[in-house]
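Shown below: structure.cif, with mmCIF, C-alpha atoms.
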data_work
#
loop_
_atom_site.label_atom_id
_atom_site.label_comp_id
_atom_site.auth_asym_id
_atom_site.auth_seq_id
_atom_site.Cartn_x
_atom_site.Cartn_y
_atom_site.Cartn_z
CA MET A 1 -53.94 -77.41 135.90
CA SER A 2 -52.96 -80.51 137.84
CA ALA A 3 -49.64 -80.90 139.62
CA GLY A 4 -46.90 -82.07 137.28
CA ALA A 5 -48.72 -80.77 134.21
CA PRO A 6 -46.32 -79.13 131.80
CA GLY A 7 -47.82 -75.65 131.98
CA PRO A 8 -48.36 -73.33 129.09
CA SER A 9 -46.91 -74.01 125.67
CA ALA A 10 -43.25 -73.11 125.24
CA ALA A 11 -42.08 -70.34 122.91
CA ILE A 12 -39.47 -71.23 120.31
CA ARG A 13 -36.52 -69.07 119.30
CA GLU A 14 -33.66 -69.74 116.86
CA GLU A 15 -31.34 -66.92 117.92
CA VAL A 16 -28.38 -68.07 120.01
CA ARG A 17 -27.50 -65.93 123.04
CA ALA A 18 -24.41 -65.63 125.22
CA THR A 19 -26.30 -67.22 128.12
CA ASP A 20 -27.23 -70.33 126.14
CA PRO A 21 -24.08 -72.44 126.68
CA ALA A 22 -24.61 -72.37 130.46
CA ALA A 23 -28.38 -72.82 130.11
CA VAL A 24 -27.91 -75.81 127.79
CA ARG A 25 -25.37 -77.41 130.13
CA ALA A 26 -27.74 -76.95 133.08
CA LEU A 27 -30.65 -78.39 131.09
CA VAL A 28 -28.69 -81.41 129.85
CA ARG A 29 -27.37 -82.01 133.38
CA ALA A 30 -30.88 -81.68 134.89
CA THR A 31 -32.10 -84.67 132.92
CA GLY A 32 -29.80 -86.91 134.96
CA PHE A 33 -29.45 -88.86 131.72
CA PHE A 34 -26.17 -87.67 130.24
CA SER A 35 -22.54 -88.12 131.26
CA ASP A 36 -20.25 -85.21 132.18
CA GLU A 37 -18.51 -85.59 128.82
CA GLU A 38 -21.84 -85.41 126.98
CA ILE A 39 -22.82 -82.31 128.97
CA ALA A 40 -19.52 -80.67 128.01
CA VAL A 41 -19.95 -81.53 124.33
CA ALA A 42 -23.52 -80.19 124.29
CA GLY A 43 -22.31 -76.86 125.73
CA ALA A 44 -19.30 -76.74 123.41
CA LEU A 45 -21.53 -76.86 120.31
CA VAL A 46 -23.43 -73.79 121.53
CA GLU A 47 -20.14 -71.99 122.19
CA GLU A 48 -18.87 -72.88 118.73
CA ARG A 49 -22.05 -71.46 117.22
CA LEU A 50 -21.59 -68.22 119.21
CA GLN A 51 -17.98 -67.93 118.07
CA ARG A 52 -18.36 -68.89 114.42
CA GLY A 53 -22.00 -68.08 113.65
CA PRO A 54 -23.91 -70.08 111.03
CA ALA A 55 -20.53 -71.13 109.50
CA SER A 56 -20.20 -73.44 112.50
CA GLY A 57 -22.82 -75.64 110.85
CA TYR A 58 -24.80 -75.80 114.11
CA HIS A 59 -28.35 -74.52 114.21
CA PHE A 60 -30.51 -74.38 117.31
CA LEU A 61 -34.12 -74.28 118.41
CA PHE A 62 -34.66 -73.20 122.00
CA ALA A 63 -38.00 -73.81 123.74
CA GLU A 64 -38.62 -71.39 126.59
CA ALA A 65 -41.37 -71.23 129.18
CA GLY A 66 -41.58 -68.97 132.20
CA GLY A 67 -38.25 -67.36 131.26
CA ALA A 68 -36.37 -70.66 131.48
CA LEU A 69 -35.12 -73.18 128.97
CA ALA A 70 -37.59 -76.07 128.72
CA GLY A 71 -35.85 -77.92 125.90
CA TYR A 72 -33.69 -77.48 122.83
CA ALA A 73 -32.55 -79.10 119.64
CA CYS A 74 -29.30 -78.75 117.68
CA TYR A 75 -29.04 -79.75 114.04
CA GLY A 76 -27.12 -78.93 110.88
CA GLN A 77 -26.23 -79.98 107.38
CA ILE A 78 -23.60 -82.71 107.32
CA PRO A 79 -20.45 -81.39 105.64
CA LEU A 80 -19.65 -83.00 102.28
CA THR A 81 -23.17 -84.33 101.85
CA ARG A 82 -25.36 -82.80 99.19
CA SER A 83 -28.50 -82.53 101.29
CA ASN A 84 -28.43 -84.57 104.48
CA PHE A 85 -28.81 -83.22 107.98
CA ASP A 86 -27.87 -84.44 111.42
CA LEU A 87 -29.87 -84.00 114.60
CA TYR A 88 -26.99 -83.55 117.04
CA TRP A 89 -28.99 -82.95 120.22
CA ILE A 90 -32.58 -82.95 121.38
CA VAL A 91 -33.28 -82.60 125.09
CA VAL A 92 -36.37 -81.73 127.15
CA ARG A 93 -36.22 -80.73 130.83
CA PRO A 94 -37.61 -83.52 133.04
CA ASP A 95 -40.50 -81.43 134.41
CA ARG A 96 -41.56 -80.62 130.82
CA GLN A 97 -41.33 -84.15 129.46
CA GLY A 98 -44.35 -86.17 128.39
CA ALA A 99 -46.21 -83.22 126.92
CA GLY A 100 -45.06 -83.50 123.32
CA LEU A 101 -42.33 -80.83 123.47
CA GLY A 102 -39.69 -83.23 122.15
CA ARG A 103 -41.94 -84.19 119.24
CA ARG A 104 -42.67 -80.52 118.59
CA LEU A 105 -38.95 -79.61 118.56
CA LEU A 106 -38.21 -82.56 116.28
CA ALA A 107 -40.99 -81.57 113.85
CA LEU A 108 -39.57 -78.03 113.74
CA VAL A 109 -36.08 -79.38 113.04
CA GLU A 110 -37.45 -81.56 110.23
CA ALA A 111 -39.31 -78.61 108.71
CA ALA A 112 -36.27 -76.32 108.97
CA ALA A 113 -33.95 -78.94 107.44
CA PHE A 114 -36.44 -79.54 104.63
CA ARG A 115 -36.70 -75.81 103.92
CA GLN A 116 -32.90 -75.71 103.69
CA GLY A 117 -32.95 -78.43 101.05
CA GLY A 118 -32.57 -81.38 103.40
CA ALA A 119 -33.44 -84.79 101.98
CA ARG A 120 -32.79 -86.86 105.06
CA LEU A 121 -32.33 -86.33 108.79
CA TYR A 122 -29.99 -88.60 110.74
CA ALA A 123 -29.93 -89.17 114.49
CA GLU A 124 -27.24 -91.23 116.16
CA THR A 125 -27.68 -92.90 119.50
CA SER A 126 -26.40 -95.72 121.63
CA SER A 127 -27.56 -99.35 121.64
CA ARG A 128 -27.45 -99.46 125.46
CA PRO A 129 -30.66 -100.18 127.41
CA HIS A 130 -30.25 -96.70 128.95
CA TYR A 131 -31.09 -95.26 125.51
CA ALA A 132 -34.16 -97.44 124.83
CA PRO A 133 -36.49 -94.43 125.36
CA THR A 134 -34.38 -92.42 122.88
CA ARG A 135 -34.61 -95.15 120.26
CA ALA A 136 -38.36 -95.50 120.88
CA PHE A 137 -38.73 -91.72 120.44
CA TYR A 138 -37.03 -91.82 117.03
CA ARG A 139 -38.98 -94.86 115.87
CA ALA A 140 -42.28 -93.28 116.92
CA ALA A 141 -41.29 -90.16 114.96
CA GLY A 142 -40.81 -92.15 111.74
CA PHE A 143 -37.07 -92.81 111.88
CA ASP A 144 -35.67 -96.18 110.82
CA PRO A 145 -32.36 -97.70 111.86
CA ALA A 146 -30.01 -97.29 108.87
CA ALA A 147 -26.75 -98.66 110.23
CA GLU A 148 -25.17 -99.97 113.40
CA LEU A 149 -21.50 -99.78 114.35
CA ALA A 150 -20.60 -102.43 116.94
CA ASP A 151 -18.49 -101.36 119.95
CA PHE A 152 -18.49 -97.75 118.76
CA TYR A 153 -18.97 -95.84 122.02
CA ALA A 154 -17.39 -98.57 124.14
CA PRO A 155 -17.09 -102.37 124.09
CA GLY A 156 -20.66 -103.69 123.84
CA ASP A 157 -22.06 -100.21 123.19
CA ALA A 158 -22.91 -99.80 119.51
CA LYS A 159 -23.81 -96.65 117.63
CA VAL A 160 -27.23 -96.90 116.01
CA VAL A 161 -27.79 -94.48 113.14
CA PHE A 162 -31.44 -93.62 112.55
CA ALA A 163 -32.59 -91.91 109.36
CA LYS A 164 -35.79 -90.27 108.24
CA LEU A 165 -36.65 -89.08 104.76
CA LEU A 166 -37.86 -85.49 104.94
CA ALA A 167 -41.04 -84.41 103.25
CA PRO A 168 -43.08 -81.21 103.02
CA THR A 169 -44.85 -80.44 106.28
CA ARG A 170 -48.53 -81.21 106.17
CA MET B 1 17.05 -92.11 90.06
CA SER B 2 14.61 -92.71 87.21
CA ALA B 3 12.04 -90.14 86.11
CA GLY B 4 8.89 -90.32 88.20
CA ALA B 5 10.63 -92.04 91.09
CA PRO B 6 9.50 -90.70 94.44
CA GLY B 7 12.88 -89.43 95.58
CA PRO B 8 14.29 -89.66 99.07
CA SER B 9 12.17 -90.69 102.02
CA ALA B 10 9.96 -87.98 103.48
CA ALA B 11 10.44 -86.57 106.97
CA ILE B 12 7.45 -86.65 109.32
CA ARG B 13 6.44 -83.87 111.70
CA GLU B 14 3.45 -83.55 114.04
CA GLU B 15 3.72 -79.84 114.80
CA VAL B 16 1.12 -77.73 112.97
CA ARG B 17 2.37 -74.46 111.45
CA ALA B 18 0.64 -71.32 110.23
CA THR B 19 1.56 -72.19 106.64
CA ASP B 20 -0.10 -75.63 106.81
CA PRO B 21 -3.72 -74.70 105.94
CA ALA B 22 -2.60 -73.29 102.56
CA ALA B 23 -0.11 -76.11 102.01
CA VAL B 24 -2.79 -78.73 102.77
CA ARG B 25 -5.31 -77.07 100.45
CA ALA B 26 -2.70 -76.96 97.66
CA LEU B 27 -1.80 -80.61 98.24
CA VAL B 28 -5.41 -81.80 98.30
CA ARG B 29 -6.15 -79.74 95.18
CA ALA B 30 -3.05 -81.09 93.40
CA THR B 31 -4.41 -84.62 93.54
CA GLY B 32 -7.20 -83.64 91.16
CA PHE B 33 -9.26 -86.10 93.17
CA PHE B 34 -11.23 -83.92 95.59
CA SER B 35 -14.05 -81.42 95.15
CA ASP B 36 -13.74 -77.73 96.05
CA GLU B 37 -15.87 -78.37 99.13
CA GLU B 38 -13.61 -81.22 100.22
CA ILE B 39 -10.54 -79.01 99.71
CA ALA B 40 -12.13 -76.31 101.88
CA VAL B 41 -13.01 -78.80 104.63
CA ALA B 42 -9.49 -80.25 104.62
CA GLY B 43 -8.03 -76.75 105.08
CA ALA B 44 -10.61 -75.80 107.72
CA LEU B 45 -9.56 -78.69 109.97
CA VAL B 46 -5.96 -77.45 109.94
CA GLU B 47 -7.16 -73.93 110.76
CA GLU B 48 -9.30 -75.24 113.61
CA ARG B 49 -6.28 -77.06 115.01
CA LEU B 50 -4.20 -73.86 114.83
CA GLN B 51 -6.93 -71.89 116.59
CA ARG B 52 -7.89 -74.38 119.28
CA GLY B 53 -4.80 -76.54 119.68
CA PRO B 54 -5.10 -80.18 120.72
CA ALA B 55 -8.58 -79.39 122.18
CA SER B 56 -9.77 -79.26 118.57
CA GLY B 57 -9.50 -83.05 118.56
CA TYR B 58 -7.55 -82.94 115.28
CA HIS B 59 -4.05 -84.35 115.14
CA PHE B 60 -1.79 -84.24 112.11
CA LEU B 61 1.16 -85.98 110.55
CA PHE B 62 2.89 -84.04 107.80
CA ALA B 63 5.32 -85.75 105.42
CA GLU B 64 7.83 -83.36 103.90
CA ALA B 65 10.46 -83.85 101.21
CA GLY B 66 12.60 -81.21 99.57
CA GLY B 67 10.96 -78.49 101.70
CA ALA B 68 7.48 -79.25 100.35
CA LEU B 69 4.49 -81.17 101.66
CA ALA B 70 4.45 -84.66 100.11
CA GLY B 71 1.46 -85.98 102.05
CA TYR B 72 -0.40 -85.71 105.31
CA ALA B 73 -2.86 -87.44 107.59
CA CYS B 74 -5.41 -86.02 110.04
CA TYR B 75 -6.90 -88.13 112.82
CA GLY B 76 -8.39 -87.82 116.28
CA GLN B 77 -10.34 -89.49 119.04
CA ILE B 78 -14.05 -89.54 118.30
CA PRO B 79 -15.87 -87.47 120.94
CA LEU B 80 -18.09 -89.47 123.29
CA THR B 81 -16.37 -92.74 122.44
CA ARG B 82 -14.23 -94.38 125.06
CA SER B 83 -11.34 -95.28 122.80
CA ASN B 84 -12.13 -95.08 119.09
CA PHE B 85 -10.35 -92.88 116.58
CA ASP B 86 -11.24 -91.50 113.19
CA LEU B 87 -8.89 -91.07 110.25
CA TYR B 88 -10.32 -87.83 108.84
CA TRP B 89 -7.88 -87.31 105.96
CA ILE B 90 -4.99 -89.07 104.32
CA VAL B 91 -3.59 -87.62 101.12
CA VAL B 92 -0.37 -88.11 99.16
CA ARG B 93 0.82 -85.75 96.42
CA PRO B 94 0.47 -87.38 92.98
CA ASP B 95 4.20 -87.31 92.21
CA ARG B 96 4.90 -89.08 95.52
CA GLN B 97 2.20 -91.75 95.17
CA GLY B 98 2.99 -95.43 94.63
CA ALA B 99 6.00 -95.43 96.92
CA GLY B 100 4.34 -96.49 100.16
CA LEU B 101 4.04 -93.02 101.71
CA GLY B 102 0.28 -93.44 102.27
CA ARG B 103 0.84 -96.79 103.96
CA ARG B 104 3.62 -95.25 106.06
CA LEU B 105 1.41 -92.33 107.16
CA LEU B 106 -1.43 -94.72 107.96
CA ALA B 107 0.86 -96.98 110.03
CA LEU B 108 2.04 -93.91 111.97
CA VAL B 109 -1.58 -92.84 112.60
CA GLU B 110 -2.43 -96.34 113.83
CA ALA B 111 0.58 -96.38 116.15
CA ALA B 112 -0.20 -92.89 117.51
CA ALA B 113 -3.88 -93.74 118.08
CA PHE B 114 -2.91 -96.98 119.81
CA ARG B 115 -0.43 -95.14 122.08
CA GLN B 116 -3.26 -92.75 123.00
CA GLY B 117 -5.44 -95.68 124.06
CA GLY B 118 -7.18 -96.22 120.74
CA ALA B 119 -8.96 -99.54 120.30
CA ARG B 120 -10.23 -99.02 116.77
CA LEU B 121 -9.57 -96.70 113.84
CA TYR B 122 -12.42 -95.74 111.52
CA ALA B 123 -12.16 -94.37 108.01
CA GLU B 124 -15.20 -93.16 106.08
CA THR B 125 -15.35 -92.99 102.34
CA SER B 126 -17.73 -92.98 99.43
CA SER B 127 -19.18 -95.97 97.58
CA ARG B 128 -18.66 -94.24 94.21
CA PRO B 129 -16.37 -95.86 91.60
CA HIS B 130 -14.17 -92.72 91.91
CA TYR B 131 -13.24 -93.92 95.41
CA ALA B 132 -12.46 -97.54 94.47
CA PRO B 133 -8.69 -96.91 94.95
CA THR B 134 -9.43 -95.44 98.41
CA ARG B 135 -11.47 -98.48 99.43
CA ALA B 136 -8.77 -100.80 98.05
CA PHE B 137 -6.17 -98.86 100.07
CA TYR B 138 -8.09 -99.40 103.32
CA ARG B 139 -8.79 -103.07 102.61
CA ALA B 140 -5.12 -103.70 101.82
CA ALA B 141 -4.23 -102.02 105.11
CA GLY B 142 -6.42 -104.40 107.11
CA PHE B 143 -9.60 -102.37 107.38
CA ASP B 144 -12.99 -104.05 107.02
CA PRO B 145 -16.27 -102.41 106.02
CA ALA B 146 -18.28 -102.01 109.24
CA ALA B 147 -21.36 -100.16 108.02
CA GLU B 148 -22.82 -98.55 104.93
CA LEU B 149 -25.29 -95.66 104.82
CA ALA B 150 -27.18 -95.55 101.52
CA ASP B 151 -27.55 -92.19 99.76
CA PHE B 152 -25.44 -90.48 102.43
CA TYR B 153 -23.29 -88.11 100.35
CA ALA B 154 -25.85 -87.83 97.55
CA PRO B 155 -28.49 -90.05 95.93
CA GLY B 156 -26.72 -93.25 94.91
CA ASP B 157 -23.57 -92.27 96.81
CA ALA B 158 -23.33 -94.22 100.06
CA LYS B 159 -20.97 -93.69 102.97
CA VAL B 160 -18.86 -96.77 103.67
CA VAL B 161 -17.40 -96.92 107.17
CA PHE B 162 -14.23 -98.98 107.42
CA ALA B 163 -12.84 -100.08 110.78
CA LYS B 164 -9.58 -101.60 111.93
CA LEU B 165 -8.80 -103.00 115.36
CA LEU B 166 -5.57 -101.45 116.60
CA ALA B 167 -2.80 -103.57 118.00
CA PRO B 168 0.73 -102.98 119.28
CA THR B 169 3.13 -102.17 116.45
CA ARG B 170 5.39 -105.07 115.53
#

Would you mind writing the file out in structure tokens?
Amino acid sequence: MSAGAPGPSAAIREEVRATDPAAVRALVRATGFFSDEEIAVAGALVEERLQRGPASGYHFLFAEAGGALAGYACYGQIPLTRSNFDLYWIVVRPDRQGAGLGRRLLALVEAAAFRQGGARLYAETSSRPHYAPTRAFYRAAGFDPAAELADFYAPGDAKVVFAKLLAPTR
Amino acid sequence: MSAGAPGPSAAIREEVRATDPAAVRALVRATGFFSDEEIAVAGALVEERLQRGPASGYHFLFAEAGGALAGYACYGQIPLTRSNFDLYWIVVRPDRQGAGLGRRLLALVEAAAFRQGGARLYAETSSRPHYAPTRAFYRAAGFDPAAELADFYAPGDAKVVFAKLLAPTR
């Protein structure tokens, strides 16, 4: 195995543990990509799930390798919609990026949402150049931009809503 | 005072009380306009505010007349946005409608959001004919449609996002 290779395949779990809020915050922070406010929000969703259980509307997939969190995804059905889901977070640790773990987590989210009756998965992100890799990731995974809200996050920083129709897993 | 007239002007309070979740559910139900799921969500936001306080991100304005709830609005800053607010709920009891209470509540929400640094207020609603009065209400109040997500709530039922730039109150 060459240096920088991602190592053995990560194991996936759905169960949420008391150590996950801190682990998620550390993971999100380690990317160097997200703001302090985003890190806090990511951790808060895990805490809300621990406090309220599935009624929180937040479901998780944790990817672990070598006893540490390598990536995770957070998704859930959008309240008041008949069958649409939102991908709230998907993050892969920098030293595990580039090995398909993000795509694997996303495919598992899509399959889980579809099993739960999901018709469509949404993912919201920013129009800023900083998020070009995020937008490219969604496009490559079959998402299409469905709407854009100008100046949503801040002046000049629009919200781009991507959507993907869910289908049975091949 | 003629039959059906709205009666004396309602008093507004911001404080959230333990009796408000039930009062809000009864009010939302009394309109005959909202689904059971919508009624539950409306009540859940009040409960979340009671449990978590201002950190919940939900702020309320309750309009009371004759010791009963005549209408209410729920709004808050949208997480991860620099200065944009969402109007989550605005409801007026049927026997108090048509007297400007909705417009008054909305103007108070706009003023409160602006005081808290709000640049823009969003309001999301459905594209269904059932919600034509809601859309007309927002348009008359100076909101413009900013985005539309096809098949969001259900097949054929889009989400329409209205937005209004906030300005100092005259």

Please provide the set of residues having any atom within 10 Å of Val109 of chain A, restricted to all atoms listed in the file, with same-chain residues fewer than 2 positions apart removed, written as a PDB file with C-alpha atoms, in the frame of the given file.
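What landed in around_23.pdb:
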ATOM      1  CA  HIS A  59     -28.350 -74.520 114.210  1.00  0.00           C
ATOM      2  CA  PHE A  60     -30.510 -74.380 117.310  1.00  0.00           C
ATOM      3  CA  LEU A  61     -34.120 -74.280 118.410  1.00  0.00           C
ATOM      4  CA  ALA A  73     -32.550 -79.100 119.640  1.00  0.00           C
ATOM      5  CA  CYS A  74     -29.300 -78.750 117.680  1.00  0.00           C
ATOM      6  CA  TYR A  75     -29.040 -79.750 114.040  1.00  0.00           C
ATOM      7  CA  GLY A  76     -27.120 -78.930 110.880  1.00  0.00           C
ATOM      8  CA  PHE A  85     -28.810 -83.220 107.980  1.00  0.00           C
ATOM      9  CA  ASP A  86     -27.870 -84.440 111.420  1.00  0.00           C
ATOM     10  CA  LEU A  87     -29.870 -84.000 114.600  1.00  0.00           C
ATOM     11  CA  ILE A  90     -32.580 -82.950 121.380  1.00  0.00           C
ATOM     12  CA  ARG A 103     -41.940 -84.190 119.240  1.00  0.00           C
ATOM     13  CA  ARG A 104     -42.670 -80.520 118.590  1.00  0.00           C
ATOM     14  CA  LEU A 105     -38.950 -79.610 118.560  1.00  0.00           C
ATOM     15  CA  LEU A 106     -38.210 -82.560 116.280  1.00  0.00           C
ATOM     16  CA  ALA A 107     -40.990 -81.570 113.850  1.00  0.00           C
ATOM     17  CA  ALA A 111     -39.310 -78.610 108.710  1.00  0.00           C
ATOM     18  CA  ALA A 112     -36.270 -76.320 108.970  1.00  0.00           C
ATOM     19  CA  ALA A 113     -33.950 -78.940 107.440  1.00  0.00           C
ATOM     20  CA  PHE A 114     -36.440 -79.540 104.630  1.00  0.00           C
ATOM     21  CA  ARG A 115     -36.700 -75.810 103.920  1.00  0.00           C
ATOM     22  CA  LEU A 121     -32.330 -86.330 108.790  1.00  0.00           C
TER      23      LEU A 121
END

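Nearest to Ile39 of chain B of all the residues B:Ala55, B:Ala65, B:Ala10, B:Val91 is B:Val91, counting only C-alpha atoms.
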
Q: Taking the file above as input, evaluate the PyMOL selection byres ((chain B) within 10 of (chain A)) and report the hits as a PyMOL selection string.
A: chain B and resi 35+37-38+41+78-85+119-120+122+146-155+157+159+161+163

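Atom CA of Phe62 of chain A is found 15.8 Å from atom CA of Ala44 of chain A.
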
Transformed chain A, reference chain B, in-order C-alpha pairing, as a short mmCIF file (atom, residue, chain, number, x, y, z; two decimals) with C-alpha atoms, in the coordinates of the input:
data_model
loop_
_atom_site.label_atom_id
_atom_site.label_comp_id
_atom_site.auth_asym_id
_atom_site.auth_seq_id
_atom_site.Cartn_x
_atom_site.Cartn_y
_atom_site.Cartn_z
CA MET A 1 17.09 -92.63 90.28
CA SER A 2 14.72 -93.06 87.36
CA ALA A 3 12.30 -90.38 86.23
CA GLY A 4 9.08 -90.43 88.24
CA ALA A 5 10.74 -92.17 91.18
CA PRO A 6 9.56 -90.71 94.46
CA GLY A 7 12.94 -89.41 95.60
CA PRO A 8 14.32 -89.62 99.08
CA SER A 9 12.20 -90.67 102.02
CA ALA A 10 9.96 -87.97 103.46
CA ALA A 11 10.44 -86.56 106.96
CA ILE A 12 7.46 -86.63 109.30
CA ARG A 13 6.45 -83.86 111.69
CA GLU A 14 3.45 -83.56 114.03
CA GLU A 15 3.70 -79.84 114.79
CA VAL A 16 1.11 -77.72 112.98
CA ARG A 17 2.35 -74.46 111.46
CA ALA A 18 0.61 -71.31 110.24
CA THR A 19 1.52 -72.19 106.65
CA ASP A 20 -0.11 -75.62 106.81
CA PRO A 21 -3.73 -74.68 105.95
CA ALA A 22 -2.62 -73.26 102.59
CA ALA A 23 -0.14 -76.11 102.01
CA VAL A 24 -2.81 -78.72 102.77
CA ARG A 25 -5.33 -77.04 100.46
CA ALA A 26 -2.74 -76.93 97.66
CA LEU A 27 -1.83 -80.58 98.23
CA VAL A 28 -5.44 -81.78 98.30
CA ARG A 29 -6.20 -79.71 95.18
CA ALA A 30 -3.09 -81.06 93.38
CA THR A 31 -4.43 -84.59 93.53
CA GLY A 32 -7.23 -83.59 91.15
CA PHE A 33 -9.30 -86.05 93.17
CA PHE A 34 -11.26 -83.89 95.59
CA SER A 35 -14.09 -81.40 95.15
CA ASP A 36 -13.78 -77.71 96.07
CA GLU A 37 -15.92 -78.36 99.15
CA GLU A 38 -13.63 -81.20 100.24
CA ILE A 39 -10.57 -78.99 99.72
CA ALA A 40 -12.16 -76.30 101.89
CA VAL A 41 -13.04 -78.78 104.64
CA ALA A 42 -9.51 -80.24 104.64
CA GLY A 43 -8.04 -76.74 105.11
CA ALA A 44 -10.63 -75.80 107.73
CA LEU A 45 -9.58 -78.70 109.98
CA VAL A 46 -5.98 -77.44 109.96
CA GLU A 47 -7.18 -73.93 110.79
CA GLU A 48 -9.31 -75.24 113.64
CA ARG A 49 -6.28 -77.07 115.03
CA LEU A 50 -4.21 -73.85 114.83
CA GLN A 51 -6.93 -71.89 116.61
CA ARG A 52 -7.90 -74.38 119.30
CA GLY A 53 -4.79 -76.55 119.68
CA PRO A 54 -5.10 -80.20 120.73
CA ALA A 55 -8.57 -79.39 122.20
CA SER A 56 -9.76 -79.26 118.59
CA GLY A 57 -9.50 -83.05 118.57
CA TYR A 58 -7.54 -82.93 115.29
CA HIS A 59 -4.05 -84.35 115.14
CA PHE A 60 -1.79 -84.24 112.11
CA LEU A 61 1.17 -85.98 110.54
CA PHE A 62 2.89 -84.02 107.80
CA ALA A 63 5.31 -85.74 105.40
CA GLU A 64 7.82 -83.34 103.89
CA ALA A 65 10.44 -83.82 101.20
CA GLY A 66 12.57 -81.17 99.55
CA GLY A 67 10.94 -78.47 101.69
CA ALA A 68 7.46 -79.23 100.35
CA LEU A 69 4.48 -81.14 101.63
CA ALA A 70 4.44 -84.63 100.10
CA GLY A 71 1.46 -85.95 102.04
CA TYR A 72 -0.42 -85.69 105.31
CA ALA A 73 -2.87 -87.42 107.57
CA CYS A 74 -5.43 -86.02 110.03
CA TYR A 75 -6.90 -88.13 112.81
CA GLY A 76 -8.37 -87.83 116.28
CA GLN A 77 -10.32 -89.50 119.03
CA ILE A 78 -14.05 -89.55 118.32
CA PRO A 79 -15.86 -87.48 120.95
CA LEU A 80 -18.08 -89.50 123.30
CA THR A 81 -16.36 -92.77 122.45
CA ARG A 82 -14.21 -94.41 125.07
CA SER A 83 -11.32 -95.30 122.79
CA ASN A 84 -12.11 -95.08 119.09
CA PHE A 85 -10.35 -92.89 116.58
CA ASP A 86 -11.23 -91.49 113.19
CA LEU A 87 -8.89 -91.05 110.25
CA TYR A 88 -10.33 -87.83 108.84
CA TRP A 89 -7.89 -87.29 105.97
CA ILE A 90 -5.00 -89.05 104.31
CA VAL A 91 -3.60 -87.60 101.10
CA VAL A 92 -0.37 -88.09 99.14
CA ARG A 93 0.80 -85.71 96.40
CA PRO A 94 0.45 -87.33 92.96
CA ASP A 95 4.19 -87.25 92.18
CA ARG A 96 4.87 -89.05 95.50
CA GLN A 97 2.21 -91.72 95.13
CA GLY A 98 2.99 -95.38 94.61
CA ALA A 99 6.01 -95.40 96.89
CA GLY A 100 4.34 -96.47 100.12
CA LEU A 101 4.03 -93.00 101.69
CA GLY A 102 0.28 -93.41 102.23
CA ARG A 103 0.84 -96.76 103.94
CA ARG A 104 3.62 -95.23 106.03
CA LEU A 105 1.41 -92.31 107.14
CA LEU A 106 -1.43 -94.71 107.93
CA ALA A 107 0.86 -96.97 110.00
CA LEU A 108 2.04 -93.90 111.95
CA VAL A 109 -1.56 -92.84 112.58
CA GLU A 110 -2.42 -96.34 113.80
CA ALA A 111 0.59 -96.38 116.13
CA ALA A 112 -0.18 -92.90 117.48
CA ALA A 113 -3.86 -93.75 118.06
CA PHE A 114 -2.87 -96.98 119.79
CA ARG A 115 -0.42 -95.14 122.05
CA GLN A 116 -3.25 -92.76 122.98
CA GLY A 117 -5.41 -95.69 124.05
CA GLY A 118 -7.16 -96.22 120.73
CA ALA A 119 -8.94 -99.54 120.28
CA ARG A 120 -10.21 -99.02 116.77
CA LEU A 121 -9.56 -96.71 113.83
CA TYR A 122 -12.42 -95.75 111.52
CA ALA A 123 -12.17 -94.36 108.00
CA GLU A 124 -15.21 -93.18 106.09
CA THR A 125 -15.36 -92.98 102.34
CA SER A 126 -17.74 -92.96 99.44
CA SER A 127 -19.19 -95.96 97.58
CA ARG A 128 -18.67 -94.22 94.21
CA PRO A 129 -16.38 -95.83 91.60
CA HIS A 130 -14.20 -92.71 91.90
CA TYR A 131 -13.25 -93.90 95.41
CA ALA A 132 -12.46 -97.53 94.47
CA PRO A 133 -8.70 -96.90 94.94
CA THR A 134 -9.44 -95.42 98.40
CA ARG A 135 -11.47 -98.46 99.41
CA ALA A 136 -8.77 -100.78 98.04
CA PHE A 137 -6.16 -98.86 100.06
CA TYR A 138 -8.09 -99.39 103.30
CA ARG A 139 -8.78 -103.05 102.60
CA ALA A 140 -5.11 -103.69 101.80
CA ALA A 141 -4.21 -102.01 105.10
CA GLY A 142 -6.40 -104.40 107.10
CA PHE A 143 -9.60 -102.36 107.35
CA ASP A 144 -12.99 -104.05 107.01
CA PRO A 145 -16.26 -102.42 106.01
CA ALA A 146 -18.28 -102.02 109.23
CA ALA A 147 -21.36 -100.18 108.01
CA GLU A 148 -22.82 -98.55 104.93
CA LEU A 149 -25.28 -95.66 104.85
CA ALA A 150 -27.20 -95.57 101.55
CA ASP A 151 -27.56 -92.19 99.78
CA PHE A 152 -25.47 -90.48 102.45
CA TYR A 153 -23.32 -88.12 100.38
CA ALA A 154 -25.87 -87.85 97.58
CA PRO A 155 -28.53 -90.05 95.96
CA GLY A 156 -26.74 -93.27 94.94
CA ASP A 157 -23.59 -92.28 96.83
CA ALA A 158 -23.33 -94.24 100.07
CA LYS A 159 -20.98 -93.70 102.98
CA VAL A 160 -18.86 -96.77 103.67
CA VAL A 161 -17.40 -96.92 107.17
CA PHE A 162 -14.22 -98.98 107.41
CA ALA A 163 -12.83 -100.09 110.77
CA LYS A 164 -9.58 -101.62 111.91
CA LEU A 165 -8.79 -103.00 115.33
CA LEU A 166 -5.55 -101.45 116.58
CA ALA A 167 -2.78 -103.57 117.97
CA PRO A 168 0.75 -102.98 119.25
CA THR A 169 3.14 -102.15 116.43
CA ARG A 170 5.39 -105.03 115.52
#

Q: Might you spell out which residues the PyMOL selection byres ((chain A and resi 125-129) around 6) would select in the displayed file, as a PyMOL selection string?
A: chain A and resi 124+130-132+157-160

Q: Go through A:Ala23, A:Val46, A:Ala30, A:Val16 and flag the residue nearest Gly67 of chain A, using all atoms listed in the file for the distances.
A: A:Ala23
